[in-house]
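J.: File data-v3.pdb below, PDB, C-alpha atoms and all ligand atoms:
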```pdb
ATOM      1  CA  MET Y   2      32.825  -8.554  25.438
ATOM      2  CA  ARG Y   3      32.409  -9.523  29.092
ATOM      3  CA  ARG Y   4      31.876 -13.200  29.696
ATOM      4  CA  ARG Y   5      28.463 -12.705  31.246
ATOM      5  CA  THR Y   6      27.240 -10.685  28.261
ATOM      6  CA  LYS Y   7      28.453 -13.426  25.959
ATOM      7  CA  VAL Y   8      26.530 -16.086  27.841
ATOM      8  CA  ALA Y   9      23.418 -13.908  27.808
ATOM      9  CA  LEU Y  10      23.673 -13.435  24.067
ATOM     10  CA  ILE Y  11      24.094 -17.148  23.472
ATOM     11  CA  VAL Y  12      21.033 -17.907  25.616
ATOM     12  CA  LEU Y  13      19.043 -15.277  23.727
ATOM     13  CA  ALA Y  14      20.130 -16.771  20.410
ATOM     14  CA  ILE Y  15      18.979 -20.209  21.560
ATOM     15  CA  VAL Y  16      15.628 -18.848  22.772
ATOM     16  CA  ILE Y  17      15.077 -17.201  19.391
ATOM     17  CA  ALA Y  18      16.221 -20.285  17.491
ATOM     18  CA  ILE Y  19      13.857 -22.653  19.288
ATOM     19  CA  GLN Y  20      10.909 -20.428  18.357
ATOM     20  CA  LEU Y  21      11.506 -21.577  14.782
ATOM     21  CA  VAL Y  22      10.863 -25.242  15.567
ATOM     22  CA  PRO Y  23       7.403 -25.934  14.154
ATOM     23  CA  VAL Y  24       4.750 -26.801  16.753
ATOM     24  CA  ASN Y  25       1.510 -28.491  15.869
ATOM     25  CA  ARG Y  26      -1.070 -26.191  17.464
ATOM     26  CA  SER Y  27      -3.797 -27.105  15.024
ATOM     27  CA  ASN Y  28      -7.486 -27.507  15.764
ATOM     28  CA  PRO Y  29      -8.644 -30.306  13.459
ATOM     29  CA  PRO Y  30     -12.256 -30.141  12.229
ATOM     30  CA  VAL Y  31     -15.052 -31.187  14.591
ATOM     31  CA  ARG Y  32     -16.677 -34.378  13.282
ATOM     32  CA  GLY Y  33     -19.039 -36.177  15.588
ATOM     33  CA  GLU Y  34     -19.375 -33.653  18.377
ATOM     34  CA  MET Y  35     -20.842 -35.037  21.554
ATOM     35  CA  VAL Y  36     -24.563 -34.573  22.168
ATOM     36  CA  ALA Y  37     -25.489 -34.170  25.835
ATOM     37  CA  PRO Y  38     -27.800 -32.077  28.013
ATOM     38  CA  PRO Y  39     -26.827 -28.363  27.756
ATOM     39  CA  ARG Y  40     -25.698 -28.197  31.378
ATOM     40  CA  VAL Y  41     -23.278 -31.064  30.802
ATOM     41  CA  VAL Y  42     -21.887 -29.468  27.660
ATOM     42  CA  GLU Y  43     -21.409 -26.198  29.512
ATOM     43  CA  VAL Y  44     -19.345 -27.861  32.237
ATOM     44  CA  LEU Y  45     -17.211 -29.805  29.774
ATOM     45  CA  ARG Y  46     -16.568 -26.740  27.618
ATOM     46  CA  GLN Y  47     -15.524 -24.757  30.640
ATOM     47  CA  SER Y  48     -13.277 -27.369  32.198
ATOM     48  CA  CYS Y  49     -12.179 -29.923  29.621
ATOM     49  CA  TYR Y  50     -12.451 -28.631  26.050
ATOM     50  CA  ASP Y  51      -9.082 -26.854  25.965
ATOM     51  CA  CYS Y  52      -7.400 -30.253  26.066
ATOM     52  CA  HIS Y  53     -10.048 -32.826  25.141
ATOM     53  CA  SER Y  54     -11.543 -31.330  21.981
ATOM     54  CA  ASN Y  55     -10.586 -29.881  18.631
ATOM     55  CA  GLU Y  56     -11.640 -26.453  19.880
ATOM     56  CA  THR Y  57      -8.612 -25.659  22.003
ATOM     57  CA  ARG Y  58      -8.251 -21.991  22.918
ATOM     58  CA  TRP Y  59      -4.493 -21.589  22.516
ATOM     59  CA  PRO Y  60      -3.264 -18.900  24.943
ATOM     60  CA  TRP Y  61      -0.475 -16.440  24.015
ATOM     61  CA  TYR Y  62       2.159 -18.387  25.938
ATOM     62  CA  SER Y  63       1.391 -21.428  23.829
ATOM     63  CA  TYR Y  64       3.252 -19.548  21.083
ATOM     64  CA  VAL Y  65       6.448 -19.312  23.098
ATOM     65  CA  ALA Y  66       8.884 -22.224  23.014
ATOM     66  CA  PRO Y  67       9.601 -24.284  25.036
ATOM     67  CA  VAL Y  68       6.174 -23.844  26.743
ATOM     68  CA  SER Y  69       4.516 -24.357  23.353
ATOM     69  CA  TRP Y  70       6.123 -27.787  22.932
ATOM     70  CA  PHE Y  71       4.907 -28.876  26.315
ATOM     71  CA  LEU Y  72       1.338 -27.645  25.768
ATOM     72  CA  ALA Y  73       1.018 -29.063  22.251
ATOM     73  CA  TYR Y  74       2.303 -32.403  23.484
ATOM     74  CA  HIS Y  75      -0.214 -32.402  26.330
ATOM     75  CA  VAL Y  76      -3.163 -31.478  24.150
ATOM     76  CA  ASN Y  77      -2.304 -34.185  21.646
ATOM     77  CA  GLU Y  78      -2.047 -36.746  24.391
ATOM     78  CA  ALA Y  79      -5.315 -35.588  25.928
ATOM     79  CA  ARG Y  80      -7.122 -35.745  22.564
ATOM     80  CA  GLU Y  81      -5.861 -39.252  21.983
ATOM     81  CA  GLU Y  82      -7.280 -40.376  25.319
ATOM     82  CA  LEU Y  83     -10.600 -38.565  25.010
ATOM     83  CA  ASN Y  84     -11.908 -36.164  22.383
ATOM     84  CA  PHE Y  85     -15.388 -34.664  22.738
ATOM     85  CA  SER Y  86     -15.203 -33.372  19.152
ATOM     86  CA  THR Y  87     -15.267 -36.942  17.814
ATOM     87  CA  TRP Y  88     -17.252 -38.526  20.654
ATOM     88  CA  ASN Y  89     -20.177 -39.615  18.498
ATOM     89  CA  ARG Y  90     -17.921 -41.812  16.418
ATOM     90  CA  LEU Y  91     -17.239 -44.021  19.427
ATOM     91  CA  THR Y  92     -19.116 -47.285  19.725
ATOM     92  CA  GLU Y  93     -21.769 -47.579  22.424
ATOM     93  CA  LYS Y  94     -19.432 -49.762  24.444
ATOM     94  CA  ASP Y  95     -16.504 -47.322  24.216
ATOM     95  CA  ARG Y  96     -18.774 -44.479  25.217
ATOM     96  CA  THR Y  97     -19.966 -46.298  28.313
ATOM     97  CA  GLU Y  98     -16.366 -47.006  29.199
ATOM     98  CA  ALA Y  99     -15.374 -43.374  28.603
ATOM     99  CA  LEU Y 100     -18.194 -42.141  30.850
ATOM    100  CA  HIS Y 101     -16.949 -44.421  33.577
ATOM    101  CA  GLU Y 102     -13.381 -43.137  33.187
ATOM    102  CA  ILE Y 103     -14.487 -39.514  33.180
ATOM    103  CA  TRP Y 104     -16.245 -39.938  36.501
ATOM    104  CA  GLU Y 105     -13.271 -41.795  37.926
ATOM    105  CA  GLU Y 106     -10.894 -38.979  36.937
ATOM    106  CA  VAL Y 107     -13.025 -36.067  38.115
ATOM    107  CA  SER Y 108     -14.258 -37.664  41.349
ATOM    108  CA  GLU Y 109     -10.651 -38.360  42.324
ATOM    109  CA  GLY Y 110      -9.676 -34.784  41.479
ATOM    110  CA  GLU Y 111      -7.260 -35.898  38.750
ATOM    111  CA  MET Y 112      -8.973 -33.850  36.058
ATOM    112  CA  PRO Y 113      -8.807 -31.038  35.049
ATOM    113  CA  LEU Y 114      -5.000 -31.170  35.406
ATOM    114  CA  ARG Y 115      -3.825 -29.208  38.431
ATOM    115  CA  GLY Y 116      -1.297 -27.106  36.521
ATOM    116  CA  TYR Y 117      -4.047 -25.962  34.196
ATOM    117  CA  LEU Y 118      -6.247 -24.859  37.092
ATOM    118  CA  ILE Y 119      -3.581 -22.434  38.320
ATOM    119  CA  LEU Y 120      -3.903 -20.454  35.092
ATOM    120  CA  HIS Y 121      -7.625 -21.187  34.573
ATOM    121  CA  PRO Y 122      -9.267 -21.044  38.016
ATOM    122  CA  GLY Y 123     -12.702 -20.852  36.364
ATOM    123  CA  ALA Y 124     -12.236 -24.407  35.116
ATOM    124  CA  ARG Y 125     -12.244 -25.819  38.638
ATOM    125  CA  LEU Y 126     -15.281 -28.096  39.083
ATOM    126  CA  SER Y 127     -17.759 -26.763  41.638
ATOM    127  CA  GLU Y 128     -19.920 -29.076  43.722
ATOM    128  CA  ASP Y 129     -22.698 -28.273  41.290
ATOM    129  CA  ALA Y 130     -20.625 -29.151  38.256
ATOM    130  CA  LEU Y 131     -19.581 -32.416  39.892
ATOM    131  CA  GLY Y 132     -23.239 -33.260  40.519
ATOM    132  CA  ILE Y 133     -24.019 -32.622  36.861
ATOM    133  CA  LEU Y 134     -21.144 -34.817  35.693
ATOM    134  CA  GLN Y 135     -22.060 -37.537  38.144
ATOM    135  CA  ALA Y 136     -25.636 -37.686  36.866
ATOM    136  CA  TRP Y 137     -24.423 -37.756  33.278
ATOM    137  CA  THR Y 138     -21.768 -40.430  33.741
ATOM    138  CA  ASP Y 139     -23.845 -42.670  35.987
ATOM    139  CA  SER Y 140     -25.587 -44.954  33.540
ATOM    140  CA  LYS Y 141     -27.466 -46.757  36.256
ATOM    141  CA  GLN Y 142     -31.123 -45.802  36.185
ATOM    142  CA  LEU Y 143     -32.550 -44.020  39.168
ATOM    143  CA  THR Y 144     -35.746 -45.565  40.515
ATOM    144  CA  LEU Y 145     -38.724 -43.720  41.916
ATOM    145  CA  GLU Y 146     -41.846 -45.284  43.420
ATOM    146  CA  PHE Y 147     -45.008 -43.791  44.908
ATOM    147  CA  ARG Y 148     -46.684 -46.246  47.282
ATOM    148  CA  ILE Y 149     -49.197 -45.990  50.109
ATOM    149  CA  ALA Y 150     -47.811 -46.165  53.646
ATOM    150  CA  GLU Y 151     -49.370 -46.905  57.036
ATOM    151  CA  GLU Y 152     -48.128 -45.764  60.406
ATOM    152  CA  GLU Y 153     -48.767 -49.150  62.034
ATOM    153  CA  PRO Y 154     -47.392 -52.537  60.950
ATOM    154  CA  GLY Y 155     -49.851 -55.008  59.436
ATOM    155  CA  PRO Y 156     -50.047 -58.178  57.348
ATOM    156  CA  GLY Y 157     -48.492 -57.828  53.894
ATOM    157  CA  LEU Y 158     -46.896 -54.484  54.712
ATOM    158  CA  THR Y 159     -43.175 -53.835  54.259
ATOM    159  CA  ASP Y 160     -41.314 -52.109  57.070
ATOM    160  CA  MET Y 161     -39.214 -49.212  55.799
ATOM    161  CA  LYS Y 162     -36.963 -46.781  57.621
ATOM    162  CA  PHE Y 163     -37.650 -43.124  56.971
ATOM    163  CA  GLY Y 164     -34.706 -41.227  55.385
ATOM    164  CA  ARG Y 165     -32.016 -40.385  57.910
ATOM    165  CA  THR Y 166     -34.375 -40.634  60.899
ATOM    166  CA  ASP Y 167     -35.314 -43.524  63.208
ATOM    167  CA  LYS Y 168     -38.946 -43.369  62.134
ATOM    168  CA  HIS Y 169     -40.526 -46.301  60.308
ATOM    169  CA  LEU Y 170     -43.483 -46.601  57.985
ATOM    170  CA  TYR Y 171     -45.241 -49.703  56.653
ATOM    171  CA  LEU Y 172     -45.711 -49.893  52.924
ATOM    172  CA  HIS Y 173     -48.261 -51.525  50.673
ATOM    173  CA  ASP Y 174     -46.818 -53.432  47.709
ATOM    174  CA  ARG Y 175     -48.619 -51.620  44.944
ATOM    175  CA  VAL Y 176     -46.516 -49.102  43.019
ATOM    176  CA  TRP Y 177     -48.951 -46.475  41.770
ATOM    177  CA  VAL Y 178     -46.458 -44.224  40.019
ATOM    178  CA  SER Y 179     -42.833 -44.857  39.001
ATOM    179  CA  GLN Y 180     -39.880 -43.120  37.296
ATOM    180  CA  SER Y 181     -41.270 -43.976  33.863
ATOM    181  CA  ASP Y 182     -44.277 -41.736  34.612
ATOM    182  CA  VAL Y 183     -42.036 -38.682  34.943
ATOM    183  CA  ASP Y 184     -41.916 -36.348  31.970
ATOM    184  CA  SER Y 185     -39.400 -33.866  33.369
ATOM    185  CA  ALA Y 186     -37.991 -32.691  36.671
ATOM    186  CA  VAL Y 187     -36.264 -29.589  38.001
ATOM    187  CA  ALA Y 188     -34.382 -28.755  41.180
ATOM    188  CA  VAL Y 189     -35.756 -25.689  42.953
ATOM    189  CA  GLU Y 190     -35.146 -23.989  46.266
ATOM    190  CA  GLN Y 191     -38.247 -23.621  48.435
ATOM    191  CA  GLU Y 192     -37.914 -21.746  51.689
ATOM    192  CA  GLY Y 193     -34.240 -22.615  51.971
ATOM    193  CA  GLN Y 194     -34.786 -26.302  51.143
ATOM    194  CA  TRP Y 195     -33.772 -27.937  47.874
ATOM    195  CA  VAL Y 196     -36.562 -30.027  46.378
ATOM    196  CA  VAL Y 197     -37.228 -31.709  43.057
ATOM    197  CA  GLU Y 198     -40.378 -30.716  41.233
ATOM    198  CA  ILE Y 199     -41.621 -33.390  38.893
ATOM    199  CA  LEU Y 200     -43.993 -33.044  36.009
ATOM    200  CA  PHE Y 201     -45.783 -36.276  35.112
ATOM    201  CA  THR Y 202     -46.547 -37.552  31.652
ATOM    202  CA  ALA Y 203     -50.274 -37.454  30.824
ATOM    203  CA  GLU Y 204     -50.624 -41.063  31.878
ATOM    204  CA  GLY Y 205     -48.491 -40.526  34.973
ATOM    205  CA  GLY Y 206     -50.684 -37.578  35.958
ATOM    206  CA  GLU Y 207     -53.779 -39.776  35.772
ATOM    207  CA  LYS Y 208     -52.138 -42.443  37.925
ATOM    208  CA  PHE Y 209     -51.145 -39.856  40.510
ATOM    209  CA  GLU Y 210     -54.656 -38.423  40.523
ATOM    210  CA  GLU Y 211     -56.086 -41.902  41.098
ATOM    211  CA  LEU Y 212     -53.631 -42.525  43.939
ATOM    212  CA  THR Y 213     -54.599 -39.310  45.699
ATOM    213  CA  GLU Y 214     -58.346 -39.744  45.128
ATOM    214  CA  GLN Y 215     -58.482 -43.215  46.602
ATOM    215  CA  ASN Y 216     -56.204 -42.704  49.582
ATOM    216  CA  ILE Y 217     -57.192 -39.483  51.291
ATOM    217  CA  GLY Y 218     -55.919 -39.381  54.868
ATOM    218  CA  LYS Y 219     -53.147 -41.888  54.164
ATOM    219  CA  HIS Y 220     -49.472 -41.281  53.493
ATOM    220  CA  CYS Y 221     -48.060 -41.170  49.965
ATOM    221  CA  ALA Y 222     -44.601 -42.721  50.331
ATOM    222  CA  MET Y 223     -42.002 -41.480  47.868
ATOM    223  CA  ILE Y 224     -39.164 -43.942  47.462
ATOM    224  CA  LEU Y 225     -36.066 -42.854  45.628
ATOM    225  CA  ASP Y 226     -33.457 -45.503  44.845
ATOM    226  CA  GLU Y 227     -34.998 -47.806  47.437
ATOM    227  CA  SER Y 228     -34.891 -45.260  50.193
ATOM    228  CA  LEU Y 229     -38.015 -43.681  51.654
ATOM    229  CA  ILE Y 230     -37.459 -39.942  51.383
ATOM    230  CA  SER Y 231     -40.833 -38.483  52.289
ATOM    231  CA  ALA Y 232     -44.414 -39.465  52.995
ATOM    232  CA  PRO Y 233     -46.804 -36.519  53.052
ATOM    233  CA  GLU Y 234     -50.377 -37.111  54.125
ATOM    234  CA  ILE Y 235     -52.822 -36.948  51.249
ATOM    235  CA  MET Y 236     -55.255 -34.131  51.968
ATOM    236  CA  ALA Y 237     -57.191 -33.949  48.711
ATOM    237  CA  PRO Y 238     -57.082 -35.333  45.162
ATOM    238  CA  ILE Y 239     -54.243 -33.782  43.151
ATOM    239  CA  ARG Y 240     -55.117 -33.151  39.531
ATOM    240  CA  VAL Y 241     -52.318 -30.843  38.404
ATOM    241  CA  GLY Y 242     -49.972 -33.566  37.140
ATOM    242  CA  ARG Y 243     -47.157 -32.418  39.358
ATOM    243  CA  ALA Y 244     -45.532 -33.494  42.592
ATOM    244  CA  VAL Y 245     -42.663 -32.322  44.765
ATOM    245  CA  LEU Y 246     -39.945 -34.591  46.124
ATOM    246  CA  ALA Y 247     -38.679 -33.112  49.370
ATOM    247  CA  GLY Y 248     -35.937 -35.350  50.613
ATOM    248  CA  ASP Y 249     -33.543 -33.306  52.707
ATOM    249  CA  PHE Y 250     -31.497 -32.809  49.539
ATOM    250  CA  THR Y 251     -28.364 -30.745  49.150
ATOM    251  CA  GLU Y 252     -28.424 -28.564  46.050
ATOM    252  CA  ALA Y 253     -26.114 -30.974  44.194
ATOM    253  CA  GLU Y 254     -28.276 -33.982  45.102
ATOM    254  CA  ALA Y 255     -31.465 -32.237  44.015
ATOM    255  CA  ARG Y 256     -29.880 -31.358  40.681
ATOM    256  CA  ARG Y 257     -28.592 -34.867  40.170
ATOM    257  CA  VAL Y 258     -31.995 -36.393  40.895
ATOM    258  CA  ALA Y 259     -33.731 -33.881  38.609
ATOM    259  CA  ASP Y 260     -31.237 -34.568  35.830
ATOM    260  CA  GLU Y 261     -31.599 -38.316  36.091
ATOM    261  CA  LEU Y 262     -35.367 -38.240  36.169
ATOM    262  CA  SER Y 263     -35.380 -35.947  33.113
ATOM    263  CA  ARG Y 264     -32.946 -38.021  31.142
ATOM    264  CA  ARG Y 265     -35.334 -40.515  29.642
TER     265      ARG Y 265
HETATM  266  C1  LIG Y 301      -4.772 -28.999  30.602
HETATM  267  C2  LIG Y 301      -5.272 -30.089  29.839
HETATM  268  C3  LIG Y 301      -6.391 -30.951  30.360
HETATM  269  C4  LIG Y 301      -7.613 -30.573  30.840
HETATM  270  C5  LIG Y 301      -8.146 -29.169  31.007
HETATM  271  C6  LIG Y 301      -8.330 -31.796  31.115
HETATM  272  N1  LIG Y 301      -7.543 -32.886  30.830
HETATM  273 FE1  LIG Y 301      -8.074 -34.834  30.917
HETATM  274  N2  LIG Y 301      -6.233 -35.410  30.258
HETATM  275  C7  LIG Y 301      -5.199 -34.547  29.928
HETATM  276  C8  LIG Y 301      -4.020 -35.315  29.513
HETATM  277  C9  LIG Y 301      -2.700 -34.719  29.094
HETATM  278  C10 LIG Y 301      -4.384 -36.677  29.617
HETATM  279  C11 LIG Y 301      -3.541 -37.905  29.277
HETATM  280  C12 LIG Y 301      -2.472 -38.165  30.250
HETATM  281  C13 LIG Y 301      -2.986 -38.473  31.626
HETATM  282  O1  LIG Y 301      -3.771 -39.409  31.792
HETATM  283  O2  LIG Y 301      -2.601 -37.744  32.547
HETATM  284  C14 LIG Y 301      -5.772 -36.703  30.078
HETATM  285  C15 LIG Y 301      -6.489 -37.859  30.303
HETATM  286  C16 LIG Y 301      -7.844 -37.886  30.623
HETATM  287  C17 LIG Y 301      -8.625 -39.096  30.712
HETATM  288  C18 LIG Y 301      -8.126 -40.493  30.485
HETATM  289  C19 LIG Y 301      -7.443 -40.983  31.717
HETATM  290  C20 LIG Y 301      -6.875 -42.370  31.556
HETATM  291  O3  LIG Y 301      -5.809 -42.577  32.153
HETATM  292  O4  LIG Y 301      -7.468 -43.186  30.885
HETATM  293  C21 LIG Y 301      -9.886 -38.712  31.054
HETATM  294  C22 LIG Y 301     -11.083 -39.621  31.265
HETATM  295  C23 LIG Y 301      -9.888 -37.275  31.183
HETATM  296  N3  LIG Y 301      -8.628 -36.799  30.927
HETATM  297  C24 LIG Y 301     -10.992 -36.514  31.505
HETATM  298  C25 LIG Y 301     -11.000 -35.133  31.626
HETATM  299  C26 LIG Y 301     -12.162 -34.367  31.973
HETATM  300  C27 LIG Y 301     -13.553 -34.942  32.209
HETATM  301  C28 LIG Y 301     -11.780 -33.055  32.033
HETATM  302  C29 LIG Y 301     -12.619 -31.861  32.404
HETATM  303  C30 LIG Y 301     -13.352 -31.931  33.633
HETATM  304  C31 LIG Y 301     -10.369 -33.010  31.692
HETATM  305  N4  LIG Y 301      -9.943 -34.290  31.472
HETATM  306  C32 LIG Y 301      -9.631 -31.848  31.607
HETATM  307  C33 LIG Y 301      -5.269 -33.160  29.940
HETATM  308  C34 LIG Y 301      -6.355 -32.412  30.352
END
```
Rewrite the coordinates I just gave you, this time as structure tokens.
Ligand code: HEC

T.:
Amino acid sequence: MRRRTKVALIVLAIVIAIQLVPVNRSNPPVRGEMVAPPRVVEVLRQSCYDCHSNETRWPWYSYVAPVSWFLAYHVNEAREELNFSTWNRLTEKDRTEALHEIWEEVSEGEMPLRGYLILHPGARLSEDALGILQAWTDSKQLTLEFRIAEEEPGPGLTDMKFGRTDKHLYLHDRVWVSQSDVDSAVAVEQEGQWVVEILFTAEGGEKFEELTEQNIGKHCAMILDESLISAPEIMAPIRVGRAVLAGDFTEAEARRVADELSRR
């Protein structure tokens, strides 16, 4: 036999032999699956579940050593760090910590692992998906206030800058409607602009109606996280229990705001 043939045969024998080494490619049972808004679950399933759950989809090459060793090792490590299939067994404190870590990893582009993205381009996080994860992992509560604003300064009024412009408005102290009056919210595109449509609770709807009835001709200032985003003039009483937040939002921002306002 030629020397080269001999070497090839030996290599082949080794490749076959290593296939016999047992690899733990198991998917343990799911006990304590995470509960989250459907959009969040969808993103996590698409981008994280192959490594961070007990529902790994093992691809064909995960059956070929030595790739199989590497993948099984990675999945086990990933599950030890974070496992969405057992998430609900974490304490409240551990969950809060995990949420913080998740955002840290994805916002820095560390997760999903880069090597994985080469073979699973669909798992790459879009701007949208990042917005969804940001809203979910940010445990800080978003604040929303509806107050009456004047165009001229006056006693007892608070000066507030308008969004990203140089304009100022002067606000009364009374908060007529706040985030706790929101029942649900959705991001929608209106004439090329992303806005957040909010649906008030019954009580919130009454408060909004009262605000509009008593302040016709004035501005209804909408303040999101302490920043004045819009202040439409009140033309007539509004009795439909709905309002639109138009704040120069990008799509991702609108979705994040809608998600956070809907979360309670
Ligand atoms: C291809 C497998 C794979 C995918 C997909 C993946 N991860 Fe990971 N992840 C790992 C491994 C392996 C580790 C542990 C080693 C490390 O930190 O690099 C880890 C660690 C982590 C940690 C803990 C980091 C630390 O150091 O404490 C977090 C949080 C995390 N991943 C979040 C995510 C999220 C969120 C996604 C989806 C958007 C995701 N991962 C997708 C493999 C993966």

J.: Closest to Gln180 (chain Y) among Y:Glu261, Y:Asp249, Y:Asp160, Y:Glu210, using all atoms listed in the file?

T.: Y:Glu261

J.: Evaluate the PyMOL selection byres (((not hetatm)) within 6 of (chain Y and resi 301)) and record the selected residues as a ChimeraX atom specification, following the chain and residue labels used in the document.

T.: /Y:45,48-49,51-52,75-76,78-79,82,102-103,106,112-114,117

J.: Once the PyMOL selection byres (((chain Y and resi 178) around 9) and not hetatm) has been applied to the shown file, what residues remain in the selection, as a ChimeraX atom specification?

T.: /Y:145-148,176-177,179-183,205-206,208-209,212

J.: Using only C-alpha atoms, please write the residues we just selected to a file, as a PDB file, in the frame of the given file.

T.:
```
ATOM      1  CA  LEU Y 145     -38.724 -43.720  41.916  1.00  0.00           C
ATOM      2  CA  GLU Y 146     -41.846 -45.284  43.420  1.00  0.00           C
ATOM      3  CA  PHE Y 147     -45.008 -43.791  44.908  1.00  0.00           C
ATOM      4  CA  ARG Y 148     -46.684 -46.246  47.282  1.00  0.00           C
ATOM      5  CA  VAL Y 176     -46.516 -49.102  43.019  1.00  0.00           C
ATOM      6  CA  TRP Y 177     -48.951 -46.475  41.770  1.00  0.00           C
ATOM      7  CA  SER Y 179     -42.833 -44.857  39.001  1.00  0.00           C
ATOM      8  CA  GLN Y 180     -39.880 -43.120  37.296  1.00  0.00           C
ATOM      9  CA  SER Y 181     -41.270 -43.976  33.863  1.00  0.00           C
ATOM     10  CA  ASP Y 182     -44.277 -41.736  34.612  1.00  0.00           C
ATOM     11  CA  VAL Y 183     -42.036 -38.682  34.943  1.00  0.00           C
ATOM     12  CA  GLY Y 205     -48.491 -40.526  34.973  1.00  0.00           C
ATOM     13  CA  GLY Y 206     -50.684 -37.578  35.958  1.00  0.00           C
ATOM     14  CA  LYS Y 208     -52.138 -42.443  37.925  1.00  0.00           C
ATOM     15  CA  PHE Y 209     -51.145 -39.856  40.510  1.00  0.00           C
ATOM     16  CA  LEU Y 212     -53.631 -42.525  43.939  1.00  0.00           C
TER      17      LEU Y 212
END
```

J.: In file coordinates, which residues lie within 7 Å of (-33.2, -33.8, 33.8) using all atoms listed in the file, given as an MDAnalysis selection string?

T.: chainID Y and resid 185:187 259:264

J.: Could you check which of Y:Glu254, Y:Ala244, Y:Met35, Y:Glu207 is closest to Leu91 (chain Y), using all atoms listed in the file?

T.: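 Result for the nearest residue to Leu91 (chain Y): Y:Met35.
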
J.: Give me, as JSON, numbers by chain, all polymer residues having an atom no more than 10 Å from region 18-25 of chain Y, counting all atoms listed in the file and skipping those fewer than 3 positions away in the same chain.

T.: {"Y": [12, 13, 14, 15, 28, 63, 64, 65, 66, 67, 69, 70, 71, 72, 73, 74, 76, 77]}

J.: Name the residues captured by the PyMOL selection byres (((chain Y and resi 215-221) around 7) and not hetatm) when it is applied to the shown file; answer as a list in words.

T.: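 With the shown file as input, the PyMOL selection byres (((chain Y and resi 215-221) around 7) and not hetatm) matches Phe147, Arg148, Ile149, Ala150, Glu151, Glu211, Leu212, Thr213, Glu214, Ala222, Met223, Ala232, Pro233, Glu234, Ile235, Met236 and Ala237 of chain Y.
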
J.: Now that the selection is made, can you save its residues with C-alpha atoms as an mmCIF file, keeping the file's coordinate frame?

T.:
```cif
data_model
loop_
_atom_site.group_PDB
_atom_site.id
_atom_site.type_symbol
_atom_site.label_atom_id
_atom_site.label_comp_id
_atom_site.auth_asym_id
_atom_site.auth_seq_id
_atom_site.Cartn_x
_atom_site.Cartn_y
_atom_site.Cartn_z
ATOM 1 C CA PHE Y 147 -45.008 -43.791 44.908
ATOM 2 C CA ARG Y 148 -46.684 -46.246 47.282
ATOM 3 C CA ILE Y 149 -49.197 -45.990 50.109
ATOM 4 C CA ALA Y 150 -47.811 -46.165 53.646
ATOM 5 C CA GLU Y 151 -49.370 -46.905 57.036
ATOM 6 C CA GLU Y 211 -56.086 -41.902 41.098
ATOM 7 C CA LEU Y 212 -53.631 -42.525 43.939
ATOM 8 C CA THR Y 213 -54.599 -39.310 45.699
ATOM 9 C CA GLU Y 214 -58.346 -39.744 45.128
ATOM 10 C CA ALA Y 222 -44.601 -42.721 50.331
ATOM 11 C CA MET Y 223 -42.002 -41.480 47.868
ATOM 12 C CA ALA Y 232 -44.414 -39.465 52.995
ATOM 13 C CA PRO Y 233 -46.804 -36.519 53.052
ATOM 14 C CA GLU Y 234 -50.377 -37.111 54.125
ATOM 15 C CA ILE Y 235 -52.822 -36.948 51.249
ATOM 16 C CA MET Y 236 -55.255 -34.131 51.968
ATOM 17 C CA ALA Y 237 -57.191 -33.949 48.711
#
```

J.: Could you check which of Y:Pro122, Y:Arg4, Y:Glu128, Y:Leu134 is closest to Glu105 (chain Y), using all atoms listed in the file?

T.: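 Counting all atoms listed in the file, the residue closest to Glu105 (chain Y) is Y:Leu134.
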